[in-house]
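Listing of coords16.txt, compact mmCIF, C-alpha atoms
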```txt
# COMPACT_ATOMS: atom_id res chain seq x y z
CA MET A 1 0.00 0.00 0.00
CA PRO A 2 1.62 3.35 -1.03
CA ALA A 3 2.52 5.85 1.70
CA TYR A 4 1.21 9.33 0.96
CA LEU A 5 3.57 11.68 2.82
CA ASP A 6 2.93 14.95 1.01
CA HIS A 7 0.09 16.41 3.06
CA ALA A 8 1.71 19.86 3.09
CA ALA A 9 1.13 19.93 -0.68
CA THR A 10 -2.47 18.70 -0.53
CA THR A 11 -4.57 16.42 1.64
CA PRO A 12 -7.10 13.70 0.76
CA LEU A 13 -10.68 14.93 0.67
CA ARG A 14 -12.48 14.30 3.94
CA PRO A 15 -15.74 12.30 3.71
CA GLU A 16 -17.57 15.15 5.44
CA ALA A 17 -16.50 17.53 2.67
CA ARG A 18 -17.46 15.08 -0.07
CA ALA A 19 -20.92 14.58 1.43
CA ALA A 20 -21.48 18.32 1.77
CA MET A 21 -20.38 18.98 -1.81
CA GLU A 22 -22.23 16.23 -3.67
CA PRO A 23 -25.66 17.92 -3.87
CA TRP A 24 -24.03 21.09 -5.25
CA LEU A 25 -22.33 19.07 -7.98
CA SER A 26 -25.59 17.66 -9.29
CA GLU A 27 -29.19 18.66 -8.59
CA ARG A 28 -28.42 21.85 -6.62
CA PHE A 29 -26.75 24.11 -9.16
CA GLY A 30 -28.22 27.60 -8.69
CA ASN A 31 -26.14 30.74 -9.16
CA PRO A 32 -26.16 32.45 -5.74
CA SER A 33 -26.38 35.88 -7.38
CA GLY A 34 -29.75 35.09 -9.00
CA PRO A 35 -33.30 36.00 -7.81
CA HIS A 36 -35.12 32.65 -7.89
CA GLY A 37 -35.45 29.78 -5.43
CA ALA A 38 -32.48 27.77 -6.69
CA ALA A 39 -30.28 30.85 -6.43
CA ARG A 40 -31.55 31.65 -2.94
CA ALA A 41 -30.76 28.11 -1.79
CA ALA A 42 -27.20 28.46 -3.09
CA ARG A 43 -26.83 31.84 -1.40
CA GLN A 44 -28.08 30.40 1.88
CA ALA A 45 -25.54 27.57 1.64
CA ILE A 46 -22.74 30.09 1.17
CA ASP A 47 -23.99 32.20 4.08
CA GLU A 48 -24.06 29.16 6.36
CA ALA A 49 -20.58 28.10 5.25
CA ARG A 50 -19.32 31.65 5.80
CA GLU A 51 -20.58 31.58 9.39
CA VAL A 52 -18.76 28.29 10.02
CA VAL A 53 -15.46 29.51 8.56
CA ALA A 54 -15.77 32.87 10.33
CA ASP A 55 -16.34 31.19 13.69
CA LEU A 56 -13.33 28.92 13.25
CA LEU A 57 -11.17 31.92 12.33
CA GLY A 58 -12.51 34.10 15.12
CA VAL A 59 -13.93 36.85 12.90
CA GLY A 60 -17.40 38.09 12.01
CA PRO A 61 -19.13 36.54 8.96
CA GLY A 62 -18.60 39.79 7.09
CA GLY A 63 -14.88 39.35 7.55
CA VAL A 64 -14.56 36.25 5.35
CA VAL A 65 -13.71 36.69 1.68
CA PHE A 66 -13.87 33.42 -0.26
CA THR A 67 -11.14 32.97 -2.88
CA SER A 68 -9.84 30.31 -5.26
CA GLY A 69 -7.26 29.23 -2.68
CA GLY A 70 -4.36 30.32 -0.50
CA THR A 71 -2.40 31.92 -3.35
CA GLU A 72 -5.22 34.25 -4.30
CA ALA A 73 -5.88 35.08 -0.65
CA ASP A 74 -2.19 35.94 -0.12
CA ASN A 75 -2.21 38.02 -3.30
CA LEU A 76 -5.31 39.88 -2.17
CA ALA A 77 -3.72 40.63 1.19
CA VAL A 78 -0.38 41.84 -0.18
CA LEU A 79 -1.21 43.32 -3.59
CA GLY A 80 -4.68 44.41 -2.54
CA ARG A 81 -3.18 46.30 0.40
CA ALA A 82 -0.38 47.78 -1.72
CA ARG A 83 -2.86 49.05 -4.31
CA ALA A 84 -5.13 50.58 -1.69
CA CYS A 85 -2.31 51.88 0.48
CA PRO A 86 0.98 52.16 -1.47
CA ARG A 87 3.35 52.25 1.48
CA PRO A 88 6.35 49.99 2.23
CA LEU A 89 5.73 46.25 2.64
CA VAL A 90 7.63 44.15 5.17
CA VAL A 91 7.81 40.40 4.45
CA SER A 92 9.83 37.60 6.02
CA ALA A 93 12.35 35.78 3.84
CA LEU A 94 10.60 32.51 4.78
CA GLU A 95 7.27 33.36 3.16
CA HIS A 96 5.50 31.29 0.53
CA HIS A 97 6.08 32.50 -3.03
CA ALA A 98 2.44 33.65 -3.10
CA VAL A 99 3.49 36.39 -0.68
CA LEU A 100 7.01 37.01 -1.96
CA ARG A 101 6.02 37.23 -5.61
CA ALA A 102 3.05 39.46 -4.80
CA ALA A 103 5.44 41.80 -2.97
CA GLU A 104 7.80 41.76 -5.98
CA VAL A 105 4.92 42.71 -8.28
CA ALA A 106 3.95 45.53 -5.91
CA ALA A 107 7.51 46.83 -6.19
CA GLU A 108 7.72 46.38 -9.97
CA VAL A 109 4.29 47.73 -10.91
CA LEU A 110 3.40 50.11 -8.08
CA GLY A 111 6.88 51.23 -7.03
CA VAL A 112 6.24 50.13 -3.45
CA GLU A 113 9.32 49.52 -1.32
CA VAL A 114 9.71 45.95 -0.04
CA ARG A 115 11.75 45.24 3.09
CA THR A 116 12.74 41.63 3.74
CA VAL A 117 13.14 40.24 7.26
CA ARG A 118 15.94 37.73 7.87
CA ALA A 119 15.49 34.30 9.48
CA GLY A 120 17.63 32.33 11.89
CA ARG A 121 19.19 28.92 11.36
CA ASP A 122 16.25 27.49 13.30
CA GLY A 123 13.78 28.60 10.64
CA VAL A 124 12.24 31.31 12.82
CA VAL A 125 11.93 34.93 11.78
CA ASP A 126 14.62 37.19 13.28
CA LEU A 127 12.81 39.68 15.52
CA GLU A 128 15.70 42.15 15.55
CA SER A 129 15.67 42.21 11.76
CA LEU A 130 11.91 42.73 11.86
CA GLU A 131 12.18 45.63 14.28
CA ALA A 132 14.79 47.28 12.05
CA ALA A 133 12.47 47.03 9.05
CA LEU A 134 9.48 48.64 10.76
CA GLY A 135 8.50 52.29 10.84
CA ASP A 136 5.57 54.69 10.74
CA ASP A 137 5.55 54.48 6.96
CA VAL A 138 4.89 50.72 6.72
CA GLY A 139 1.55 49.66 5.21
CA LEU A 140 1.63 45.88 5.68
CA VAL A 141 3.71 43.23 7.46
CA SER A 142 3.41 39.58 6.38
CA VAL A 143 4.74 36.74 8.53
CA GLN A 144 3.36 33.23 8.08
CA LEU A 145 2.17 31.25 11.08
CA VAL A 146 3.71 27.92 9.99
CA ASN A 147 6.34 27.57 7.28
CA ASN A 148 5.20 25.44 4.36
CA GLU A 149 8.59 23.79 3.80
CA VAL A 150 10.27 23.14 7.13
CA GLY A 151 7.16 23.46 9.32
CA THR A 152 8.49 25.96 11.87
CA VAL A 153 5.91 27.84 13.94
CA GLN A 154 6.56 31.57 13.92
CA PRO A 155 6.28 33.79 17.05
CA LEU A 156 3.27 35.69 15.74
CA GLU A 157 2.41 37.35 19.06
CA ALA A 158 5.93 38.73 19.40
CA VAL A 159 5.74 39.89 15.78
CA ALA A 160 2.44 41.65 16.48
CA ARG A 161 3.83 43.43 19.54
CA LEU A 162 6.69 44.85 17.48
CA VAL A 163 4.36 45.86 14.66
CA ARG A 164 1.94 47.65 16.99
CA ARG A 165 4.82 49.44 18.72
CA HIS A 166 6.97 50.42 15.75
CA ALA A 167 4.55 50.45 12.79
CA PRO A 168 1.18 51.43 14.28
CA ARG A 169 -0.40 52.16 10.89
CA ALA A 170 0.58 48.78 9.43
CA VAL A 171 -1.74 45.85 8.82
CA LEU A 172 -0.44 42.45 9.99
CA HIS A 173 -1.08 39.54 7.60
CA THR A 174 -0.35 35.89 8.33
CA ASP A 175 -0.43 33.03 5.87
CA ALA A 176 -1.98 30.35 8.10
CA VAL A 177 -2.42 27.77 5.32
CA GLN A 178 -0.12 25.19 6.93
CA ALA A 179 -1.31 26.01 10.45
CA ALA A 180 -5.01 25.37 9.88
CA PRO A 181 -4.95 21.57 10.35
CA TRP A 182 -3.08 21.78 13.65
CA PHE A 183 -3.96 25.01 15.46
CA ASP A 184 -7.07 26.85 16.62
CA LEU A 185 -6.70 29.88 14.36
CA ALA A 186 -9.25 31.89 16.31
CA GLU A 187 -6.60 31.88 19.06
CA ALA A 188 -3.27 31.30 17.28
CA ALA A 189 -3.88 34.00 14.66
CA ARG A 190 -5.94 36.37 16.80
CA VAL A 191 -3.26 39.09 16.65
CA ALA A 192 -3.33 39.24 12.84
CA ASP A 193 -5.56 41.62 10.89
CA LEU A 194 -5.57 39.40 7.79
CA VAL A 195 -5.45 35.58 7.80
CA THR A 196 -5.08 33.27 4.79
CA VAL A 197 -6.40 29.69 4.71
CA SER A 198 -6.74 27.09 1.94
CA ALA A 199 -9.29 24.26 2.00
CA HIS A 200 -7.18 21.49 0.49
CA LYS A 201 -4.63 21.69 3.31
CA PHE A 202 -7.15 20.38 5.87
CA GLY A 203 -9.17 17.90 3.83
CA GLY A 204 -11.30 20.26 1.79
CA PRO A 205 -11.46 20.60 -2.00
CA GLN A 206 -8.71 22.12 -4.10
CA GLY A 207 -9.44 25.52 -5.58
CA THR A 208 -11.13 27.06 -2.52
CA GLY A 209 -9.71 29.32 0.17
CA ALA A 210 -10.41 32.43 2.16
CA LEU A 211 -8.92 35.66 3.42
CA ALA A 212 -10.22 36.63 6.85
CA LEU A 213 -10.35 40.28 7.91
CA ARG A 214 -10.29 40.57 11.68
CA SER A 215 -10.87 44.31 11.51
CA PRO A 216 -11.78 46.73 8.70
CA VAL A 217 -8.81 46.86 6.32
CA GLU A 218 -8.53 48.99 3.22
CA LEU A 219 -7.95 46.59 0.30
CA ALA A 220 -8.27 46.97 -3.47
CA PRO A 221 -9.85 44.01 -5.29
CA LEU A 222 -7.74 41.98 -7.71
CA VAL A 223 -10.76 40.46 -9.50
CA VAL A 224 -13.43 42.94 -10.61
CA GLY A 225 -16.71 42.73 -12.51
CA GLY A 226 -19.37 42.07 -9.90
CA PRO A 227 -20.43 42.89 -6.34
CA GLN A 228 -19.64 39.47 -4.83
CA GLU A 229 -17.67 39.21 -1.56
CA ARG A 230 -18.38 42.82 -0.69
CA GLU A 231 -16.74 43.83 -3.99
CA LEU A 232 -13.41 42.37 -2.89
CA ARG A 233 -13.63 39.31 -5.18
CA ALA A 234 -15.98 39.40 -8.17
CA GLY A 235 -17.28 36.30 -9.92
CA THR A 236 -19.76 33.48 -9.50
CA HIS A 237 -19.20 31.62 -6.25
CA ASN A 238 -17.85 28.07 -6.18
CA VAL A 239 -20.74 26.84 -4.06
CA ALA A 240 -19.63 23.21 -3.86
CA GLY A 241 -16.10 24.21 -2.96
CA ILE A 242 -17.22 26.66 -0.30
CA VAL A 243 -19.58 24.24 1.47
CA GLY A 244 -16.92 21.52 1.23
CA MET A 245 -14.36 23.84 2.78
CA ALA A 246 -16.63 24.63 5.72
CA ALA A 247 -17.40 20.95 6.33
CA ALA A 248 -13.72 19.99 6.19
CA PHE A 249 -12.72 22.86 8.48
CA GLN A 250 -15.30 21.76 11.04
CA ALA A 251 -14.13 18.14 10.87
CA ALA A 252 -10.47 19.14 11.20
CA ALA A 253 -11.24 21.32 14.21
CA ALA A 254 -13.24 18.55 15.89
CA GLU A 255 -10.45 15.96 15.56
CA ARG A 256 -7.57 18.37 16.24
CA PRO A 257 -7.14 17.53 19.97
CA VAL A 258 -6.56 13.88 19.07
CA ALA A 259 -5.02 14.22 15.60
CA GLY A 260 -2.30 16.64 16.64
CA PRO A 261 -0.65 14.41 19.27
CA ARG A 262 -1.20 11.27 17.17
CA VAL A 263 0.45 12.72 14.07
CA SER A 264 3.19 14.38 16.10
CA ALA A 265 4.14 11.00 17.57
CA LEU A 266 4.21 9.44 14.09
CA ARG A 267 6.37 12.33 12.84
CA ASP A 268 8.82 11.97 15.74
CA ARG A 269 9.19 8.23 15.07
CA LEU A 270 9.79 8.96 11.39
CA VAL A 271 12.43 11.60 12.10
CA SER A 272 14.31 9.58 14.73
CA GLY A 273 14.17 6.46 12.58
CA LEU A 274 15.57 8.19 9.51
CA LEU A 275 18.30 9.99 11.45
CA SER A 276 19.41 6.68 12.98
CA ARG A 277 19.49 4.99 9.55
CA LEU A 278 21.08 7.77 7.47
CA SER A 279 24.53 8.96 8.47
CA GLY A 280 24.40 12.02 6.22
CA ALA A 281 20.97 13.29 7.30
CA ARG A 282 20.19 16.33 9.46
CA GLU A 283 16.90 17.77 10.62
CA THR A 284 16.55 21.33 9.35
CA ALA A 285 14.74 22.63 12.43
CA PRO A 286 14.01 21.17 15.87
CA GLY A 287 10.82 19.14 16.06
CA ALA A 288 9.61 21.03 19.12
CA GLN A 289 9.41 24.22 17.03
CA LYS A 290 7.42 22.67 14.20
CA ALA A 291 3.84 21.82 13.34
CA PRO A 292 2.94 18.17 14.07
CA GLY A 293 2.98 16.92 10.48
CA HIS A 294 6.36 18.16 9.24
CA CYS A 295 9.47 16.00 8.84
CA HIS A 296 12.14 17.95 6.94
CA LEU A 297 15.71 16.80 6.42
CA VAL A 298 18.77 17.64 4.36
CA LEU A 299 20.78 14.71 3.06
CA ASP A 300 24.47 14.87 2.20
CA ASP A 301 25.40 14.09 -1.42
CA VAL A 302 21.86 13.21 -2.46
CA GLU A 303 19.93 15.20 -5.04
CA SER A 304 16.32 15.74 -4.01
CA GLU A 305 14.93 15.30 -7.50
CA ALA A 306 16.66 11.95 -7.96
CA LEU A 307 15.59 10.78 -4.52
CA LEU A 308 11.95 11.62 -5.18
CA VAL A 309 11.97 9.60 -8.40
CA LEU A 310 13.11 6.51 -6.52
CA LEU A 311 10.79 7.05 -3.58
CA ASP A 312 7.83 7.28 -5.92
CA ARG A 313 8.88 3.96 -7.44
CA LEU A 314 9.11 2.49 -3.92
CA GLY A 315 5.61 3.65 -3.02
CA VAL A 316 6.36 6.82 -1.04
CA ALA A 317 4.89 10.14 -2.18
CA ALA A 318 7.15 12.90 -0.89
CA SER A 319 8.47 16.31 -1.91
CA ALA A 320 11.48 18.52 -1.33
CA GLY A 321 12.40 22.05 -0.42
CA SER A 322 13.39 22.80 -4.02
CA ALA A 323 11.44 23.46 -7.19
CA CYS A 324 12.28 22.10 -10.62
CA ALA A 325 11.61 24.14 -13.71
CA SER A 326 12.68 23.28 -17.24
CA GLY A 327 14.99 20.61 -15.90
CA ALA A 328 16.91 23.05 -13.69
CA ILE A 329 17.02 22.43 -9.96
CA GLU A 330 16.72 25.54 -7.81
CA PRO A 331 17.68 25.52 -4.13
CA SER A 332 14.91 26.34 -1.65
CA HIS A 333 14.72 30.02 -0.77
CA VAL A 334 13.62 28.98 2.72
CA LEU A 335 16.73 26.89 3.35
CA LEU A 336 18.97 29.57 1.89
CA ALA A 337 17.35 32.12 4.22
CA MET A 338 18.09 29.77 7.13
CA GLY A 339 21.78 29.73 6.21
CA PHE A 340 22.05 26.40 4.40
CA SER A 341 24.37 26.32 1.40
CA PRO A 342 22.92 25.84 -2.10
CA LYS A 343 24.40 22.33 -2.17
CA GLU A 344 22.76 21.44 1.15
CA ALA A 345 19.46 22.93 0.01
CA LEU A 346 19.46 20.73 -3.09
CA GLY A 347 19.47 17.67 -0.83
CA ALA A 348 16.24 18.48 1.02
CA LEU A 349 13.53 15.92 1.73
CA ARG A 350 10.08 16.89 3.01
CA LEU A 351 7.84 14.14 4.37
CA THR A 352 4.57 15.56 5.68
CA LEU A 353 1.82 13.69 7.52
CA GLY A 354 -1.85 14.44 7.93
CA HIS A 355 -5.24 13.18 9.02
CA THR A 356 -5.01 9.91 7.05
CA SER A 357 -1.40 9.08 7.99
CA SER A 358 -0.81 5.74 9.71
CA PRO A 359 2.00 3.76 11.37
CA ALA A 360 2.19 1.71 8.15
CA ASP A 361 3.08 4.88 6.21
CA VAL A 362 5.95 5.54 8.60
CA ASP A 363 7.11 1.92 8.41
CA LEU A 364 7.23 2.05 4.61
CA ALA A 365 9.11 5.36 4.60
CA LEU A 366 11.66 4.02 7.08
CA GLU A 367 12.38 1.19 4.66
CA ALA A 368 12.16 3.11 1.39
CA VAL A 369 14.16 6.25 2.16
CA PRO A 370 17.37 4.46 3.27
CA GLN A 371 16.99 2.08 0.31
CA ALA A 372 16.67 4.95 -2.15
CA VAL A 373 19.56 6.87 -0.59
CA SER A 374 21.72 3.75 -0.78
CA GLN A 375 20.89 3.29 -4.45
CA LEU A 376 21.98 6.89 -5.11
CA GLY A 377 25.27 6.49 -3.22
CA GLY A 378 28.29 7.50 -5.24
CA GLY A 379 31.36 7.74 -3.01
CA PRO A 380 32.28 9.08 0.42
CA ALA A 381 30.57 12.11 1.89
CA GLY A 382 31.76 15.29 0.24
CA ALA A 383 33.11 13.58 -2.88
CA PRO A 384 32.32 15.56 -6.03
CA ARG A 385 29.57 14.16 -8.25
CA PRO A 386 28.78 15.09 -11.85
CA ALA A 387 25.78 17.40 -12.20
CA GLY A 388 22.64 15.38 -12.88
CA ALA A 389 24.33 12.08 -12.08
CA GLY A 390 21.92 11.31 -9.27
CA LEU A 391 18.88 12.00 -11.43
CA ALA A 392 20.20 9.86 -14.25
CA ALA A 393 20.85 7.03 -11.80
CA ALA A 394 17.36 7.39 -10.36
CA HIS A 395 15.70 7.17 -13.75
CA ALA A 396 17.84 4.14 -14.56
CA GLN A 397 16.75 2.51 -11.29
CA ALA A 398 13.11 3.37 -11.92
CA ALA A 399 13.03 2.21 -15.53
CA PRO A 400 11.48 -1.20 -16.25
CA GLY A 401 14.23 -3.77 -16.16
CA GLY A 402 16.59 -1.27 -14.50
CA PRO A 403 19.14 -2.35 -11.88
```

Whole structure given in structure tokens:
Amino acid sequence: MPAYLDHAATTPLRPEARAAMEPWLSERFGNPSGPHGAARAARQAIDEAREVVADLLGVGPGGVVFTSGGTEADNLAVLGRARACPRPLVVSALEHHAVLRAAEVAAEVLGVEVRTVRAGRDGVVDLESLEAALGDDVGLVSVQLVNNEVGTVQPLEAVARLVRRHAPRAVLHTDAVQAAPWFDLAEAARVADLVTVSAHKFGGPQGTGALALRSPVELAPLVVGGPQERELRAGTHNVAGIVGMAAAFQAAAAERPVAGPRVSALRDRLVSGLLSRLSGARETAPGAQKAPGHCHLVLDDVESEALLVLLDRLGVAASAGSACASGAIEPSHVLLAMGFSPKEALGALRLTLGHTSSPADVDLALEAVPQAVSQLGGGPAGAPRPAGAGLAAAHAQAAPGGP
């Protein structure tokens, strides 16, 4: 049975979400902006889902803006704020590209200054660097609650205290996409003015998310053309996605007191087992500082891309802290911000657990990862290896009839 250990990328759909969505994928199809009974039923479903999501985020129903996912919600927070209030943006170097790229666009298109906050080797934002970046002129500060790659939990309350003291006119945004399965966001993100969540990270459907406004915030819409979402996000609502998101969020919140400790224990066994079996492996950040589902390692003299090819063949779905584009491997910006070298960053392995993870998944990973690393071995630690050699070896191993 394959081991799915990529929950930070997306999670399996919860049965509660599927059941809630099914009627809206068939006989219940009204456009919620219409005047007739079918439309009113759809609008009522969205209103009820909005109340659920708002309650779980600790905001009023009017403070929830439904989006197509976490990326759009981050874009609305950063670019929407920059367009409405073109003052300097402060972002941590650890942020998801949805925040970082939005800030870059604000700089390129709007001429807004962007100030980047450093991170420590532990994967936590540097508060002294943050304080130095703040000022009365700042319009928005964005610091995620849980890092999507290494899983570190950021000191959001300490961040908020500095923002309120040194940038009193700034809005504080947190990308809580990775935090939503594990933390009560009504409490953990209560100090943030804007909070991003994405349904498919906690068992909801892909393509649905939300930006929560804890207090009135001046934002400019990115999608225009209609009055939906208080004119902050025009377009026909994804009714099925929205009701599925609310159902999944409720289910995740209900099981959180049990799921968190259970998954954390599985993660700890996975980390300790891999570290004991792999001499060239190091954990990128201490487990005590991370969300329950994140296992993140760097492996000496192993290319992430090659390793993932073999792991997939061995029945383990995993990912890495690097992105591949057009055949070129790029080191993770998160690991580079933490002080890892480009070579170290290219050997990252991210194994993330979630609500469906089991001891059998961990058992398989503990067998498969050392096996794959062994197959990619090419000399003593630190010995030079030809570029792409690991990937070529991996494809050779994975090919039918390969060694």

Measure the distance from atom CA of A:Ile46 to atom CA of A:Ala246 in Å and round it to one decimal.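 Distance reported for this atom pair: 9.4 Å.
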
Could you name the residues that touch A:Ala240 at 8 Å or less, counting all atoms listed in the file, but leaving out those on the same chain fewer than 4 positions away, as a PyMOL selection string? chain A and resi 20-22+24-25+244

Excluding same-chain residues fewer than 2 positions from stretch 92-107 of chain A, what lies within 9 Å of it counting all atoms listed in the file, as a ChimeraX atom specification? /A:70-79,82-83,86,89-90,109-119,123-126,130,141-144,147-149,175,333-335,337-338

Using only C-alpha atoms, which of the listed residues (A:Leu145, A:Val64, A:Ala368, A:Ala345) sits closest to A:Gln228?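 Using only C-alpha atoms, the shortest distance to A:Gln228 belongs to A:Val64.
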
Smallest atom-to-atom distance to A:Ala179: which of A:Pro331, A:Gln250, A:Asp137, A:Gly293, using all atoms listed in the file?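 Nearest candidate to A:Ala179 out of A:Pro331, A:Gln250, A:Asp137, A:Gly293: A:Gly293.
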
So how far away is atom CA of A:Thr352 from atom CA of A:Pro370, in Å? 17.1 Å

Quick one: pull the distance between atom CA of A:Gln44 and atom CA of A:His355, Å, one decimal. 29.5 Å

Just the residues within 10 Å of stretch 231-238 of chain A, please, counting all atoms listed in the file, with nothing from its chain fewer than 2 positions along; format it as a ChimeraX atom specification. /A:24,31-33,42-43,46,65-68,72-73,76,80,207-208,219-229,240-244

Taking all atoms listed in the file into account, which of A:Ala189, A:Ala281, A:Leu194, A:Ala158 comes nearest A:Ala170?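 Ranking A:Ala189, A:Ala281, A:Leu194, A:Ala158 by distance to A:Ala170, first place goes to A:Leu194.
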
From A:Leu336, A:Val316, A:Ala41, A:Leu351, residue lying nearest A:Arg121 [all atoms listed in the file]: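 Looking at the shortest contact to A:Arg121, the residue is A:Leu336.
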
Residue with smallest distance to A:Ser215 - pool A:Ala348, A:Leu156, A:Met1, A:Val59, counting only C-alpha atoms: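 Residue with the minimum atom-to-atom distance to A:Ser215: A:Val59.
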
Spatial neighbours of A:Val373, max dist 10 Å, only C-alpha atoms, sep filter under 2 positions, as a list in words: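 Answer for this query is Leu278, Gly280, Leu299, Asp300, Asp301, Val302, Glu303, Ala306, Leu307, Leu310, Leu311, Ala368, Val369, Pro370, Gln371, Gln375, Leu376, Gly377 and Gly378 of chain A.
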
Six-sided padding of 4 Å per side, axis-aligned box over stretch 184-194 of chain A, centre and edges in Å, one decimal, as JSON:
```
{"center_x": -6.3, "center_y": 34.2, "center_z": 13.4, "size_x": 14.0, "size_y": 22.8, "size_z": 19.3}
```

Residues within 7 Å of A:Arg169, please, as a compact mmCIF listing (two decimals) with C-alpha atoms, in the frame of the given file. Count all atoms listed in the file; anything in the same chain fewer than 3 positions from it doesn't count.
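After the write, result-v8.txt holds the following:
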```
# COMPACT_ATOMS: atom_id res chain seq x y z
CA ASP A 136 5.57 54.69 10.74
CA VAL A 138 4.89 50.72 6.72
CA GLY A 139 1.55 49.66 5.21
```

Check the smallest atom-to-atom distance from each of A:Leu274, A:Ala84, A:Ala251, A:Leu57 to A:Ala192 using all atoms listed in the file, then report the winner.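 The shortest atom-to-atom distance to A:Ala192 comes from A:Leu57.
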
Would you fill out stretch 291-309 of chain A with N, CA and C atoms and return it as a PDB file, in the frame of the given file?
```pdb
ATOM      1  N   ALA A 291       5.192  22.367  13.348  1.00  0.00           N
ATOM      2  CA  ALA A 291       3.840  21.820  13.340  1.00  0.00           C
ATOM      3  C   ALA A 291       3.914  20.303  13.362  1.00  0.00           C
ATOM      4  N   PRO A 292       2.878  19.625  13.865  1.00  0.00           N
ATOM      5  CA  PRO A 292       2.940  18.170  14.070  1.00  0.00           C
ATOM      6  C   PRO A 292       3.271  17.349  12.828  1.00  0.00           C
ATOM      7  N   GLY A 293       2.859  17.788  11.644  1.00  0.00           N
ATOM      8  CA  GLY A 293       2.980  16.920  10.480  1.00  0.00           C
ATOM      9  C   GLY A 293       4.270  17.008   9.701  1.00  0.00           C
ATOM     10  N   HIS A 294       5.194  17.899  10.068  1.00  0.00           N
ATOM     11  CA  HIS A 294       6.360  18.160   9.240  1.00  0.00           C
ATOM     12  C   HIS A 294       7.608  17.399   9.661  1.00  0.00           C
ATOM     13  N   CYS A 295       8.137  16.612   8.731  1.00  0.00           N
ATOM     14  CA  CYS A 295       9.470  16.000   8.840  1.00  0.00           C
ATOM     15  C   CYS A 295      10.283  16.566   7.684  1.00  0.00           C
ATOM     16  N   HIS A 296      11.346  17.316   7.989  1.00  0.00           N
ATOM     17  CA  HIS A 296      12.140  17.950   6.940  1.00  0.00           C
ATOM     18  C   HIS A 296      13.613  17.748   7.227  1.00  0.00           C
ATOM     19  N   LEU A 297      14.301  17.146   6.264  1.00  0.00           N
ATOM     20  CA  LEU A 297      15.710  16.800   6.420  1.00  0.00           C
ATOM     21  C   LEU A 297      16.517  17.334   5.251  1.00  0.00           C
ATOM     22  N   VAL A 298      17.835  17.481   5.475  1.00  0.00           N
ATOM     23  CA  VAL A 298      18.770  17.640   4.360  1.00  0.00           C
ATOM     24  C   VAL A 298      19.700  16.443   4.387  1.00  0.00           C
ATOM     25  N   LEU A 299      19.994  15.920   3.196  1.00  0.00           N
ATOM     26  CA  LEU A 299      20.780  14.710   3.060  1.00  0.00           C
ATOM     27  C   LEU A 299      22.066  15.021   2.296  1.00  0.00           C
ATOM     28  N   ASP A 300      23.188  14.630   2.852  1.00  0.00           N
ATOM     29  CA  ASP A 300      24.470  14.870   2.200  1.00  0.00           C
ATOM     30  C   ASP A 300      24.583  14.076   0.900  1.00  0.00           C
ATOM     31  N   ASP A 301      25.058  14.749  -0.156  1.00  0.00           N
ATOM     32  CA  ASP A 301      25.400  14.090  -1.420  1.00  0.00           C
ATOM     33  C   ASP A 301      24.255  13.314  -2.040  1.00  0.00           C
ATOM     34  N   VAL A 302      23.046  13.798  -1.827  1.00  0.00           N
ATOM     35  CA  VAL A 302      21.860  13.210  -2.460  1.00  0.00           C
ATOM     36  C   VAL A 302      21.067  14.347  -3.092  1.00  0.00           C
ATOM     37  N   GLU A 303      20.741  14.198  -4.370  1.00  0.00           N
ATOM     38  CA  GLU A 303      19.930  15.200  -5.040  1.00  0.00           C
ATOM     39  C   GLU A 303      18.450  14.907  -4.795  1.00  0.00           C
ATOM     40  N   SER A 304      17.735  15.923  -4.338  1.00  0.00           N
ATOM     41  CA  SER A 304      16.320  15.740  -4.010  1.00  0.00           C
ATOM     42  C   SER A 304      15.526  15.166  -5.169  1.00  0.00           C
ATOM     43  N   GLU A 305      15.732  15.719  -6.358  1.00  0.00           N
ATOM     44  CA  GLU A 305      14.930  15.300  -7.500  1.00  0.00           C
ATOM     45  C   GLU A 305      15.132  13.815  -7.788  1.00  0.00           C
ATOM     46  N   ALA A 306      16.376  13.365  -7.714  1.00  0.00           N
ATOM     47  CA  ALA A 306      16.660  11.950  -7.960  1.00  0.00           C
ATOM     48  C   ALA A 306      16.037  11.081  -6.877  1.00  0.00           C
ATOM     49  N   LEU A 307      16.144  11.541  -5.633  1.00  0.00           N
ATOM     50  CA  LEU A 307      15.590  10.780  -4.520  1.00  0.00           C
ATOM     51  C   LEU A 307      14.079  10.624  -4.656  1.00  0.00           C
ATOM     52  N   LEU A 308      13.403  11.680  -5.063  1.00  0.00           N
ATOM     53  CA  LEU A 308      11.950  11.620  -5.180  1.00  0.00           C
ATOM     54  C   LEU A 308      11.498  10.660  -6.265  1.00  0.00           C
ATOM     55  N   VAL A 309      12.286  10.558  -7.335  1.00  0.00           N
ATOM     56  CA  VAL A 309      11.970   9.600  -8.400  1.00  0.00           C
ATOM     57  C   VAL A 309      11.979   8.175  -7.848  1.00  0.00           C
TER      58      VAL A 309
END
```
